[in-house]
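S.K.: Contents of data.txt (compact mmCIF, C-alpha atoms) are below:
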# COMPACT_ATOMS: atom_id res chain seq x y z
CA MET A 518 11.35 -22.67 14.05
CA MET A 519 9.83 -19.52 15.55
CA HIS A 520 10.53 -16.34 13.60
CA ARG A 521 10.74 -12.96 15.28
CA HIS A 522 8.00 -10.79 13.93
CA VAL A 523 8.03 -7.03 13.54
CA PRO A 524 5.35 -4.57 14.79
CA LEU A 525 4.19 -4.21 11.21
CA ASP A 526 2.74 -7.69 10.93
CA HIS A 527 2.18 -8.94 14.43
CA LEU A 528 -1.23 -10.53 13.81
CA PRO A 529 -0.33 -12.81 10.87
CA TYR A 530 2.21 -14.54 13.12
CA ALA A 531 -0.17 -14.85 16.05
CA ASN A 532 -3.00 -16.97 14.63
CA ARG A 533 -3.65 -20.66 14.16
CA TRP A 534 -3.22 -20.61 10.40
CA ARG A 535 0.16 -18.87 10.26
CA ARG A 536 1.90 -22.01 9.00
CA ARG A 537 -0.75 -23.05 6.50
CA HIS A 538 0.38 -22.89 2.91
CA PRO A 539 -0.22 -19.35 1.52
CA ALA A 540 -1.89 -20.84 -1.57
CA GLU A 541 -4.64 -22.41 0.60
CA LYS A 542 -5.39 -19.09 2.28
CA GLY A 543 -5.05 -17.18 -0.97
CA LEU A 544 -7.50 -19.49 -2.72
CA LEU A 545 -10.02 -19.17 0.10
CA ALA A 546 -9.82 -15.39 0.52
CA LEU A 547 -9.46 -14.42 -3.13
CA GLY A 548 -12.18 -16.87 -4.17
CA LEU A 549 -14.56 -15.29 -1.64
CA LEU A 550 -13.52 -11.87 -2.91
CA LEU A 551 -14.28 -12.84 -6.49
CA VAL A 552 -17.72 -14.21 -5.57
CA THR A 553 -18.42 -10.95 -3.69
CA LEU A 554 -17.53 -8.87 -6.72
CA VAL A 555 -19.36 -10.78 -9.44
CA LEU A 556 -22.74 -11.23 -7.72
CA PRO A 557 -25.10 -8.46 -6.55
CA PRO A 558 -24.29 -7.13 -3.06
CA VAL A 559 -27.51 -8.36 -1.48
CA PRO A 560 -27.38 -11.13 -0.36
CA THR A 561 -23.92 -12.26 -1.57
CA SER A 562 -21.91 -9.57 0.26
CA VAL A 563 -23.74 -10.28 3.51
CA LEU A 564 -22.96 -13.99 3.19
CA ALA A 565 -19.33 -13.35 2.24
CA LEU A 566 -18.87 -10.88 5.10
CA LEU A 567 -20.26 -13.43 7.56
CA ALA A 568 -18.21 -16.28 6.07
CA ALA A 569 -14.92 -14.33 6.11
CA SER A 570 -15.53 -13.05 9.66
CA LEU A 571 -16.49 -16.46 11.06
CA ILE A 572 -13.62 -18.25 9.32
CA GLY A 573 -11.19 -15.59 10.50
CA MET A 574 -12.30 -15.52 14.12
CA LEU A 575 -13.31 -19.14 14.69
CA GLY A 576 -11.10 -20.97 12.19
CA ALA A 577 -7.89 -18.97 12.25
CA ARG A 578 -8.54 -17.64 15.79
CA ILE A 579 -7.82 -14.03 14.90
CA PRO A 580 -8.67 -12.07 18.07
CA VAL A 581 -12.24 -10.70 17.86
CA ARG A 582 -11.06 -7.31 19.06
CA ALA A 583 -8.42 -6.97 16.37
CA TRP A 584 -10.81 -8.10 13.64
CA SER A 585 -13.54 -5.69 14.77
CA ARG A 586 -11.08 -2.82 15.09
CA LEU A 587 -9.69 -3.26 11.58
CA LEU A 588 -13.07 -3.81 9.96
CA GLY A 589 -14.49 -0.92 12.00
CA ALA A 590 -11.75 1.41 10.76
CA GLN A 591 -12.65 0.45 7.22
CA SER A 592 -16.32 1.16 7.97
CA VAL A 593 -15.39 4.77 8.78
CA PHE A 594 -13.95 5.15 5.26
CA LEU A 595 -16.95 3.43 3.74
CA GLY A 596 -19.32 5.69 5.69
CA GLY A 597 -17.92 8.57 3.64
CA ALA A 598 -18.37 6.49 0.51
CA TRP A 599 -21.98 5.77 1.37
CA ALA A 600 -22.68 9.46 1.99
CA ALA A 601 -21.10 10.53 -1.31
CA LEU A 602 -22.93 7.92 -3.38
CA ALA A 603 -26.22 8.35 -1.51
CA TRP A 604 -26.12 12.05 -2.35
CA GLN A 605 -25.52 11.28 -6.00
CA SER A 606 -27.56 8.18 -6.79
CA GLY A 607 -29.80 7.35 -3.84
CA TRP A 608 -29.15 5.77 -0.46
CA GLN A 609 -29.87 2.23 -1.65
CA ASN A 610 -27.13 2.30 -4.28
CA GLY A 611 -24.75 3.87 -1.77
CA ALA A 612 -25.53 1.24 0.85
CA ALA A 613 -25.15 -1.63 -1.64
CA MET A 614 -21.76 -0.35 -2.76
CA ALA A 615 -20.54 0.23 0.79
CA LEU A 616 -21.72 -3.26 1.81
CA ARG A 617 -19.94 -4.87 -1.13
CA SER A 618 -16.76 -2.99 -0.33
CA LEU A 619 -16.96 -3.96 3.35
CA ALA A 620 -17.38 -7.64 2.43
CA ALA A 621 -14.47 -7.42 -0.02
CA THR A 622 -12.33 -5.81 2.69
CA ALA A 623 -13.23 -8.63 5.08
CA CYS A 624 -12.01 -11.14 2.46
CA LEU A 625 -8.77 -9.18 2.09
CA LEU A 626 -8.37 -9.01 5.87
CA LEU A 627 -8.76 -12.79 6.04
CA LEU A 628 -5.72 -13.14 3.79
CA ALA A 629 -3.77 -10.26 5.35
CA LEU A 630 -4.23 -11.36 8.96
CA THR A 631 -3.44 -15.03 8.42
CA THR A 632 -0.49 -14.80 6.03
CA PRO A 633 2.85 -13.18 6.87
CA VAL A 634 4.18 -11.09 3.98
CA PRO A 635 7.49 -13.02 3.82
CA ALA A 636 5.50 -16.24 3.23
CA LEU A 637 3.79 -14.61 0.24
CA LEU A 638 7.12 -13.31 -1.03
CA SER A 639 8.60 -16.77 -0.74
CA CYS A 640 5.79 -18.15 -2.93
CA ALA A 641 6.23 -15.32 -5.46
CA GLY A 642 10.00 -15.81 -5.46
CA ARG A 643 9.64 -19.42 -6.62
CA TRP A 644 8.40 -18.24 -9.98
CA ALA A 645 11.51 -17.21 -11.92
CA PRO A 646 10.11 -14.10 -13.69
CA LEU A 647 8.92 -12.69 -10.36
CA ARG A 648 12.13 -13.49 -8.45
CA PRO A 649 13.88 -10.10 -8.91
CA LEU A 650 10.68 -8.26 -8.03
CA ALA A 651 10.14 -10.46 -4.96
CA ASP A 652 13.75 -9.83 -3.95
CA LEU A 653 13.26 -6.07 -4.16
CA ALA A 654 9.99 -6.40 -2.22
CA ALA A 655 11.80 -8.44 0.47
CA LEU A 656 14.45 -5.73 0.75
CA ILE A 657 11.79 -3.03 1.05
CA TYR A 658 10.01 -5.10 3.69
CA ARG A 659 13.21 -5.33 5.74
CA PHE A 660 13.69 -1.61 5.32
CA LEU A 661 10.19 -0.92 6.60
CA ALA A 662 10.57 -3.28 9.53
CA THR A 663 13.88 -1.74 10.56
CA GLY A 664 12.65 1.80 9.89
CA ILE A 665 9.50 1.52 11.96
CA GLY A 666 11.41 0.04 14.89
CA THR A 667 14.09 2.78 14.70
CA MET A 668 11.46 5.49 14.38
CA GLN A 669 9.52 4.25 17.41
CA ARG A 670 12.65 4.16 19.56
CA SER A 671 13.80 7.62 18.42
CA ARG A 672 10.35 9.07 19.02
CA ALA A 673 10.16 7.60 22.50
CA GLY A 674 13.63 8.99 23.29
CA VAL A 675 12.76 12.49 22.08
CA ARG A 676 9.49 12.50 24.04
CA GLN A 677 11.27 11.46 27.20
CA ARG A 678 13.67 14.36 26.79
CA LEU A 679 11.24 17.04 25.62
CA GLY A 680 7.85 15.88 26.89
CA HIS A 681 4.74 15.51 24.73
CA PRO A 682 4.50 18.45 22.34
CA ARG A 683 1.32 19.84 20.80
CA ALA A 684 -0.10 18.26 17.64
CA TRP A 685 1.55 20.64 15.15
CA LYS A 686 4.93 20.45 16.90
CA ASP A 687 4.52 16.70 17.08
CA ARG A 688 4.07 16.51 13.28
CA ALA A 689 7.16 18.65 12.73
CA LEU A 690 9.07 16.41 15.12
CA HIS A 691 7.80 13.38 13.23
CA GLY A 692 9.06 14.85 9.95
CA ASP A 693 12.44 15.72 11.37
CA LEU A 694 12.78 12.22 12.81
CA ALA A 695 11.75 10.61 9.53
CA ALA A 696 14.43 12.58 7.70
CA ARG A 697 17.08 11.46 10.19
CA VAL A 698 15.86 7.87 10.24
CA LEU A 699 16.17 7.70 6.45
CA HIS A 700 19.90 8.42 6.81
CA ARG A 701 20.35 5.93 9.56
CA LEU A 702 18.50 3.31 7.55
CA LEU A 703 20.72 3.86 4.53
CA ASP A 704 23.80 3.46 6.75
CA ARG A 705 22.46 0.34 8.45
CA SER A 706 21.37 -1.22 5.20
CA THR A 707 24.75 -0.55 3.61
CA GLY A 708 26.30 -2.30 6.62
CA MET A 709 23.87 -5.20 6.20
CA GLU A 710 24.76 -5.47 2.53
CA ARG A 711 28.47 -5.53 3.32
CA GLY A 712 27.78 -8.24 5.88
CA TYR A 713 26.01 -10.32 3.24
CA GLN A 714 28.85 -9.81 0.80
CA CYS A 715 31.39 -10.89 3.40
CA ARG A 716 29.44 -14.10 3.83
CA GLY A 717 29.40 -14.68 0.10
CA VAL A 718 25.76 -13.70 -0.45
CA ASP A 719 25.90 -11.33 -3.37
CA GLY A 720 22.77 -12.38 -5.18
CA LEU A 721 19.18 -12.82 -4.08
CA LEU A 722 18.19 -12.81 -0.42
CA PRO A 723 16.95 -15.90 1.45
CA TYR A 724 13.24 -16.18 2.29
CA TYR A 725 11.09 -17.17 5.22
CA ASN A 726 9.88 -20.61 4.23
CA ALA A 727 8.34 -22.34 7.23
CA HIS A 728 4.88 -23.15 5.96
CA GLN A 729 3.32 -26.60 5.71
CA PRO A 730 2.80 -28.31 2.35
CA LEU A 731 -0.43 -27.71 0.48
CA GLU A 732 -3.29 -29.88 1.82
CA GLY A 733 -5.91 -31.11 -0.62
CA ARG A 734 -8.75 -31.21 1.90
CA TYR A 735 -8.40 -27.52 2.72
CA VAL A 736 -8.33 -26.63 -0.94
CA ALA A 737 -11.45 -28.77 -1.48
CA ALA A 738 -13.19 -27.15 1.52
CA ALA A 739 -12.38 -23.65 0.20
CA LEU A 740 -13.74 -24.49 -3.25
CA LEU A 741 -16.85 -26.08 -1.73
CA LEU A 742 -17.52 -22.99 0.38
CA GLN A 743 -17.17 -20.71 -2.64
CA ALA A 744 -19.45 -22.91 -4.73
CA GLY A 745 -22.01 -22.89 -1.89
CA LEU A 746 -21.81 -19.12 -1.60
CA LEU A 747 -22.17 -18.70 -5.34
CA ALA A 748 -25.20 -21.01 -5.40
CA GLY A 749 -26.71 -19.32 -2.32
CA GLY A 750 -26.15 -15.88 -3.82
CA ILE A 751 -27.80 -16.82 -7.11
CA PHE A 752 -30.67 -18.66 -5.37
CA LEU A 753 -31.48 -15.82 -2.96
CA TRP A 754 -31.04 -13.07 -5.57
CA MET B 1464 -6.22 8.10 -2.91
CA HIS B 1465 -6.37 4.43 -2.07
CA ILE B 1466 -9.71 3.31 -3.47
CA ALA B 1467 -11.07 0.65 -1.11
CA GLU B 1468 -11.23 -3.04 -1.96
CA GLY B 1469 -14.32 -3.98 -3.94
CA TYR B 1470 -15.33 -0.40 -4.56
CA LEU B 1471 -14.81 -0.25 -8.31
CA PRO B 1472 -17.03 -2.23 -10.68
CA VAL B 1473 -15.29 -5.40 -11.93
CA SER B 1474 -14.95 -4.06 -15.50
CA HIS B 1475 -13.27 -0.88 -14.25
CA ALA B 1476 -10.95 -2.83 -11.98
CA PHE B 1477 -9.82 -4.96 -14.94
CA ALA B 1478 -9.47 -1.95 -17.23
CA TRP B 1479 -7.26 -0.03 -14.79
CA THR B 1480 -5.18 -3.15 -14.16
CA ALA B 1481 -4.73 -3.54 -17.91
CA ALA B 1482 -3.71 0.13 -18.17
CA SER B 1483 -1.21 -0.12 -15.31
CA LEU B 1484 0.39 -3.42 -16.30
CA PRO B 1485 2.44 -2.07 -19.24
CA CYS B 1486 3.71 0.77 -17.03
CA ALA B 1487 4.79 -1.70 -14.34
CA LEU B 1488 6.52 -3.92 -16.92
CA TRP B 1489 8.29 -0.92 -18.47
CA SER B 1490 9.36 0.14 -14.99
CA CYS B 1491 10.74 -3.34 -14.24
CA ARG B 1492 12.70 -3.32 -17.48
CA SER B 1493 14.08 0.16 -16.94
CA LEU B 1494 15.12 -0.61 -13.36
CA ASP B 1495 16.95 -3.73 -14.65
CA LEU B 1496 16.31 -5.51 -11.35
CA PRO B 1497 18.36 -8.68 -11.98
CA GLY B 1498 21.44 -6.71 -13.04
CA GLN B 1499 21.02 -3.81 -10.63
CA SER B 1500 23.85 -3.02 -8.22
CA ARG B 1501 23.07 -3.50 -4.55
CA PRO B 1502 23.75 0.16 -3.57
CA LYS B 1503 21.25 1.31 -6.20
CA ARG B 1504 18.78 -1.25 -4.93
CA LEU B 1505 19.19 0.11 -1.40
CA LEU B 1506 18.29 3.56 -2.62
CA VAL B 1507 15.24 2.14 -4.37
CA ALA B 1508 14.25 0.44 -1.11
CA ALA B 1509 14.79 3.66 0.85
CA SER B 1510 12.57 5.59 -1.55
CA ALA B 1511 9.92 2.91 -1.27
CA GLY B 1512 10.14 3.12 2.51
CA PHE B 1513 9.58 6.86 2.32
CA LEU B 1514 6.63 6.34 -0.03
CA PHE B 1515 5.13 3.76 2.34
CA ALA B 1516 5.52 5.99 5.40
CA MET B 1517 3.97 9.00 3.67
CA THR B 1518 1.02 7.17 2.14
CA ALA B 1519 0.25 5.39 5.41
CA MET B 1520 -0.66 8.69 7.14
CA LYS B 1521 -4.25 8.59 5.93
CA PHE B 1522 -7.60 9.98 6.95
CA PRO B 1523 -11.05 9.22 5.48
CA SER B 1524 -12.17 11.11 2.42
CA VAL B 1525 -14.88 10.77 -0.22
CA ALA B 1526 -16.18 7.64 -1.89
CA GLY B 1527 -14.27 4.83 -0.20
CA SER B 1528 -10.98 6.64 -0.55
CA SER B 1529 -8.56 8.44 1.73
CA SER B 1530 -6.45 11.60 1.88
CA HIS B 1531 -2.76 11.43 2.71
CA PRO B 1532 0.61 12.77 1.57
CA THR B 1533 1.89 10.85 -1.48
CA GLY B 1534 5.67 11.04 -1.08
CA ILE B 1535 6.27 10.54 -4.81
CA ALA B 1536 8.35 13.66 -5.42
CA LEU B 1537 11.43 12.40 -3.61
CA GLY B 1538 11.41 9.02 -5.39
CA THR B 1539 10.79 10.59 -8.79
CA VAL B 1540 13.58 13.15 -8.40
CA LEU B 1541 16.02 10.62 -6.92
CA LEU B 1542 15.35 7.64 -9.18
CA GLY B 1543 13.47 8.94 -12.18
CA VAL B 1544 9.90 8.61 -13.31
CA SER B 1545 10.49 5.13 -14.72
CA ALA B 1546 11.24 3.67 -11.27
CA MET B 1547 8.00 4.82 -9.72
CA PRO B 1548 5.45 2.28 -11.03
CA VAL B 1549 7.41 -0.63 -9.50
CA LEU B 1550 7.90 1.21 -6.20
CA ALA B 1551 4.24 2.17 -6.08
CA LEU B 1552 3.22 -1.40 -6.95
CA ILE B 1553 5.22 -2.90 -4.08
CA VAL B 1554 4.13 -0.21 -1.61
CA LEU B 1555 0.45 -0.56 -2.55
CA LEU B 1556 0.69 -4.36 -2.28
CA PHE B 1557 2.25 -4.08 1.18
CA GLN B 1558 -0.40 -1.63 2.30
CA ALA B 1559 -3.16 -3.95 1.08
CA LEU B 1560 -1.59 -7.03 2.66
CA LEU B 1561 -0.43 -5.48 5.92
CA MET B 1562 -3.15 -2.95 6.69
CA ALA B 1563 -6.03 -3.71 4.28
CA HIS B 1564 -5.45 -0.16 3.03
CA GLY B 1565 -6.50 -0.04 -0.64
CA GLY B 1566 -7.06 -3.45 -2.14
CA LEU B 1567 -6.07 -6.11 -4.63
CA THR B 1568 -8.89 -5.53 -7.11
CA THR B 1569 -8.32 -1.77 -6.98
CA LEU B 1570 -4.55 -2.17 -7.20
CA GLY B 1571 -4.47 -1.27 -10.90
CA ALA B 1572 -6.44 1.94 -10.41
CA ASN B 1573 -4.40 2.96 -7.36
CA LEU B 1574 -1.16 2.14 -9.17
CA PHE B 1575 -2.14 4.28 -12.13
CA ALA B 1576 -2.81 7.26 -9.84
CA LEU B 1577 0.19 6.90 -7.51
CA GLY B 1578 2.75 5.29 -9.82
CA VAL B 1579 1.99 6.89 -13.19
CA ALA B 1580 -0.06 10.11 -13.04
CA GLY B 1581 1.62 11.63 -9.96
CA PRO B 1582 5.25 10.90 -10.93
CA TRP B 1583 4.75 12.26 -14.46
CA ALA B 1584 3.37 15.49 -13.02
CA VAL B 1585 6.42 15.68 -10.73
CA ARG B 1586 8.72 14.97 -13.68
CA ILE B 1587 7.17 17.69 -15.83
CA VAL B 1588 7.21 20.38 -13.13
CA TRP B 1589 10.70 19.44 -11.89
CA GLY B 1590 12.03 19.37 -15.47
CA ALA B 1591 10.46 22.77 -16.20
CA SER B 1592 11.87 24.27 -13.00
CA GLN B 1593 15.36 22.98 -13.91
CA ALA B 1594 15.04 24.37 -17.43
CA LEU B 1595 13.87 27.76 -16.15
CA ARG B 1596 16.67 27.81 -13.52
CA ILE B 1597 14.22 28.19 -10.67
CA PRO B 1598 15.92 27.60 -7.29
CA GLU B 1599 16.07 23.91 -6.43
CA ALA B 1600 13.98 24.20 -3.25
CA ALA B 1601 11.15 26.07 -4.98
CA GLY B 1602 11.21 23.66 -7.92
CA LEU B 1603 11.06 20.61 -5.70
CA ALA B 1604 8.25 22.08 -3.59
CA ALA B 1605 6.23 22.91 -6.71
CA ALA B 1606 6.88 19.45 -8.15
CA SER B 1607 5.77 17.84 -4.90
CA VAL B 1608 2.52 19.82 -4.80
CA ALA B 1609 1.88 19.07 -8.50
CA GLY B 1610 2.50 15.35 -7.99
CA SER B 1611 0.19 15.18 -5.01
CA LEU B 1612 -2.64 17.05 -6.75
CA ALA B 1613 -2.22 15.10 -10.02
CA THR B 1614 -2.52 11.83 -8.09
CA TYR B 1615 -5.80 12.98 -6.59
CA ALA B 1616 -7.07 14.35 -9.89
CA MET B 1617 -6.53 10.89 -11.37
CA THR B 1618 -8.37 9.26 -8.44
CA SER B 1619 -11.24 11.72 -8.95
CA LEU B 1620 -11.38 10.75 -12.63
CA GLN B 1621 -11.40 7.05 -11.74
CA LEU B 1622 -14.25 7.55 -9.30
CA ALA B 1623 -16.15 9.78 -11.75
CA LEU B 1624 -15.82 7.15 -14.47
CA ALA B 1625 -17.10 4.48 -12.08
CA PHE B 1626 -19.92 6.61 -10.66
CA PRO B 1627 -20.97 9.28 -13.15
CA ASP B 1628 -23.72 11.62 -12.06
CA PRO B 1629 -27.02 10.25 -13.48
CA ALA B 1630 -28.29 13.76 -14.21
CA SER B 1631 -25.27 15.85 -15.21
CA GLY B 1632 -22.80 13.19 -16.34
CA LEU B 1633 -19.10 12.48 -16.03
CA ALA B 1634 -17.70 16.02 -16.01
CA SER B 1635 -19.92 17.14 -13.18
CA SER B 1636 -19.09 14.04 -11.17
CA PHE B 1637 -15.35 14.60 -11.77
CA VAL B 1638 -15.59 18.20 -10.60
CA ARG B 1639 -17.54 17.15 -7.52
CA PHE B 1640 -15.10 14.40 -6.50
CA GLY B 1641 -12.15 16.68 -7.27
CA ALA B 1642 -13.59 19.56 -5.27
CA ILE B 1643 -14.19 17.43 -2.18
CA PHE B 1644 -10.71 15.91 -2.43
CA ALA B 1645 -9.17 19.37 -2.91
CA LEU B 1646 -10.54 20.58 0.43
CA ALA B 1647 -8.45 18.07 2.32
CA GLN B 1648 -5.63 17.49 -0.13
CA THR B 1649 -4.46 21.04 -0.82
CA PRO B 1650 -3.17 21.71 2.72
CA VAL B 1651 -1.80 18.16 2.87
CA ALA B 1652 0.08 18.73 -0.42
CA VAL B 1653 1.62 21.98 0.88
CA ALA B 1654 2.69 20.33 4.14
CA GLU B 1655 4.10 17.42 2.15
CA ALA B 1656 6.16 19.81 0.02
CA PHE B 1657 7.81 21.25 3.15
CA PHE B 1658 8.45 17.77 4.47
CA THR B 1659 9.96 16.60 1.18
CA LEU B 1660 12.25 19.64 1.23
CA LEU B 1661 13.31 18.79 4.76
CA VAL B 1662 14.25 15.25 3.75
CA TRP B 1663 15.90 16.42 0.51
CA ARG B 1664 18.05 18.94 2.39
CA SER B 1665 19.03 16.36 4.95
CA LEU B 1666 20.40 14.05 2.25
CA GLN B 1667 24.13 14.56 1.90
CA PRO B 1668 25.12 16.44 -1.26
CA GLY B 1669 27.41 13.52 -2.13
CA LEU B 1670 24.48 11.12 -2.17
CA ARG B 1671 22.43 13.50 -4.30
CA LYS B 1672 25.28 13.73 -6.82
CA ALA B 1673 25.72 9.95 -6.81
CA VAL B 1674 22.02 9.56 -7.47
CA ALA B 1675 22.11 12.11 -10.23
CA ARG B 1676 24.87 10.10 -11.92
Produce structure tokens that represent the structure in this file.

M.R.:
Amino acid sequence: MMHRHVPLDHLPYANRWRRRHPAEKGLLALGLLLVTLVLPPVPTSVLALLAASLIGMLGARIPVRAWSRLLGAQSVFLGGAWAALAWQSGWQNGAAMALRSLAATACLLLLALTTPVPALLSCAGRWAPLRPLADLAALIYRFLATGIGTMQRSRAGVRQRLGHPRAWKDRALHGDLAARVLHRLLDRSTGMERGYQCRGVDGLLPYYNAHQPLEGRYVAAALLLQAGLLAGGIFLW
Amino acid sequence: MHIAEGYLPVSHAFAWTAASLPCALWSCRSLDLPGQSRPKRLLVAASAGFLFAMTAMKFPSVAGSSSHPTGIALGTVLLGVSAMPVLALIVLLFQALLMAHGGLTTLGANLFALGVAGPWAVRIVWGASQALRIPEAAGLAAASVAGSLATYAMTSLQLALAFPDPASGLASSFVRFGAIFALAQTPVAVAEAFFTLLVWRSLQPGLRKAVAR
């Protein structure tokens, strides 16, 4: 079954691994992240950055442009980090820290761009103590999805009527719209809640649950890659 | 204030997670999620949406972090300081998983700044303004500015603890990080206060009273 995605998480629904079990992707990405953090940045971070990027673009088929754009945006933030640390404790320390952070971000992107948030919430919701928290998170996610869509439409409507204002006016317009959208969202969500109650749903919300079962060979491959990276990192250190 | 993924040393990441965890658990208990009424939960979700929208308007700042409005004043005043750690936790998780903004290993540190330090500053200033009978708008604006600046002061402390100045030590590093953050964050905090007032005024008085109950 194809689910309609929202602008917020377009990419996780548009790659080859979208239906893979979230635990497989979580193990791969978080394992790589852990290896990146525990070993010295050179050479482990370089290897992890390469591994996450190649797996993301070749394995999951995340568009190269999207991957580069997101990682590039993070590099801008880390450029500031490098400058601050280089000033304080030498350029080598700054560069090592920025490299480690970039590799860690690539690992996080691998998880974020291959796994839709509702799939993660569905996994979290299976564990009874986390169920109420996952339910609240699912509600907030719906709120965000609806809110962003409403905001974009309202903004487009206002611009068509008034033209494109200057930056400061645009910010004020944005604020005014956000205040109005908050009201509209509360109204719509109350309506949605009443709809659920009319259908007899007064408890926890249903989840997106369209992923494949866990596959042992992918888990084994992820563990093997992490072990290889760990060994390579220690050997080259 | 979102410290980037992998930026903190592992020991610091664990320590901040350990410090934030009790706050998040206390927040879960006080919100009483399983027994909470749906209308209350909608308000919680609306506040989280506001928090998400505000914190997503970021621009690069020092040391792998970013400057942005925090949006915590509205949530703290509407729902109480105890609700904020859970809201901040969910919002920070979404930002990490949707936009790679912040991170999973720095989640504890970011949660402590956005979900604990900031809301308590808002609570203290808002409470003081109520006690001193300062007009509501001025009190909320002051609370909003205080919350925003307290969040960034905590982030500066976290960064200073992780990267103390080799020559002059922790205090000097804290002042340096704080000073660079203040350049960008002070005007952002003032603008955020006006924006929070705009949203607060647009909420119907009935809703505000219902929330207060």

S.K.: Need the shell around Pro539 in chain A: protein/DNA/RNA residues with any atom at most 12 Å away, counting all atoms listed in the file. Skip same-chain ones fewer than 2 positions apart. Format as a PDB file with C-alpha atoms, in the frame of the given file?

M.R.:
ATOM      1  CA  PRO A 529      -0.330 -12.810  10.870  1.00  0.00           C
ATOM      2  CA  TRP A 534      -3.220 -20.610  10.400  1.00  0.00           C
ATOM      3  CA  ARG A 535       0.160 -18.870  10.260  1.00  0.00           C
ATOM      4  CA  ARG A 536       1.900 -22.010   9.000  1.00  0.00           C
ATOM      5  CA  ARG A 537      -0.750 -23.050   6.500  1.00  0.00           C
ATOM      6  CA  GLU A 541      -4.640 -22.410   0.600  1.00  0.00           C
ATOM      7  CA  LYS A 542      -5.390 -19.090   2.280  1.00  0.00           C
ATOM      8  CA  GLY A 543      -5.050 -17.180  -0.970  1.00  0.00           C
ATOM      9  CA  LEU A 544      -7.500 -19.490  -2.720  1.00  0.00           C
ATOM     10  CA  LEU A 545     -10.020 -19.170   0.100  1.00  0.00           C
ATOM     11  CA  ALA A 546      -9.820 -15.390   0.520  1.00  0.00           C
ATOM     12  CA  LEU A 547      -9.460 -14.420  -3.130  1.00  0.00           C
ATOM     13  CA  LEU A 627      -8.760 -12.790   6.040  1.00  0.00           C
ATOM     14  CA  LEU A 628      -5.720 -13.140   3.790  1.00  0.00           C
ATOM     15  CA  ALA A 629      -3.770 -10.260   5.350  1.00  0.00           C
ATOM     16  CA  LEU A 630      -4.230 -11.360   8.960  1.00  0.00           C
ATOM     17  CA  THR A 631      -3.440 -15.030   8.420  1.00  0.00           C
ATOM     18  CA  THR A 632      -0.490 -14.800   6.030  1.00  0.00           C
ATOM     19  CA  PRO A 633       2.850 -13.180   6.870  1.00  0.00           C
ATOM     20  CA  VAL A 634       4.180 -11.090   3.980  1.00  0.00           C
ATOM     21  CA  PRO A 635       7.490 -13.020   3.820  1.00  0.00           C
ATOM     22  CA  ALA A 636       5.500 -16.240   3.230  1.00  0.00           C
ATOM     23  CA  LEU A 637       3.790 -14.610   0.240  1.00  0.00           C
ATOM     24  CA  LEU A 638       7.120 -13.310  -1.030  1.00  0.00           C
ATOM     25  CA  SER A 639       8.600 -16.770  -0.740  1.00  0.00           C
ATOM     26  CA  CYS A 640       5.790 -18.150  -2.930  1.00  0.00           C
ATOM     27  CA  ALA A 641       6.230 -15.320  -5.460  1.00  0.00           C
ATOM     28  CA  ASN A 726       9.880 -20.610   4.230  1.00  0.00           C
ATOM     29  CA  ALA A 727       8.340 -22.340   7.230  1.00  0.00           C
ATOM     30  CA  HIS A 728       4.880 -23.150   5.960  1.00  0.00           C
ATOM     31  CA  GLN A 729       3.320 -26.600   5.710  1.00  0.00           C
ATOM     32  CA  PRO A 730       2.800 -28.310   2.350  1.00  0.00           C
ATOM     33  CA  LEU A 731      -0.430 -27.710   0.480  1.00  0.00           C
ATOM     34  CA  GLU A 732      -3.290 -29.880   1.820  1.00  0.00           C
ATOM     35  CA  TYR A 735      -8.400 -27.520   2.720  1.00  0.00           C
ATOM     36  CA  VAL A 736      -8.330 -26.630  -0.940  1.00  0.00           C
TER      37      VAL A 736
END

S.K.: Considering all atoms listed in the file, can you say which of A:Ala738, A:Leu699, A:Leu626, A:Leu694 comes closest to Gly589 in chain A?

M.R.: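 Of all the options, A:Leu626 lies closest to Gly589 in chain A.
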
S.K.: Report as a VMD selection string all protein, DNA and RNA residues lying within 12 Å of Gly750 in chain A, evaluated on only C-alpha atoms, omitting residues in the same chain fewer than 2 positions from it.

M.R.: chain A and resid 549 552 to 565 742 to 748 752 to 754

S.K.: Taking only C-alpha atoms into account, which of A:Arg716, A:Arg734, A:Arg697, A:Arg659 comes nearest Leu1505 in chain B?

M.R.: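 Closest residue, counting only C-alpha atoms: A:Arg659.
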
S.K.: Please measure the separation of CA of Val1662 in chain B and CA of Glu1599 in chain B, giving the value in Å to one decimal.

M.R.: 13.5 Å

S.K.: Measure the distance from CA of Met1464 in chain B to CA of Ser1530 in chain B in Å and round it to one decimal.

M.R.: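 Taking CA of Met1464 in chain B and CA of Ser1530 in chain B, their separation equals 5.9 Å.
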
S.K.: Taking only C-alpha atoms into account, which of B:Leu1666, B:Ala1634, B:Ala1481, B:Leu1603 comes nearest Leu1574 in chain B?

M.R.: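 Nearest to Leu1574 in chain B: B:Ala1481.
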
S.K.: Which is closer to chain A than all the others in B:Gly1512, B:Gly1590, B:Gly1641, B:Pro1532, using all atoms listed in the file?

M.R.: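 Closest candidate: B:Gly1512.
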
S.K.: List the neighbours of Ala1482 in chain B out to 12 Å using all atoms listed in the file; skip same-chain residues closer than 2 positions along the sequence, and give me the result as a list in words.

M.R.: His1475, Ala1476, Phe1477, Ala1478, Trp1479, Thr1480, Leu1484, Pro1485, Cys1486, Ala1487, Leu1488, Pro1548, Leu1570, Gly1571, Ala1572, Asn1573, Leu1574, Phe1575, Ala1576, Gly1578, Val1579 and Ala1580 of chain B
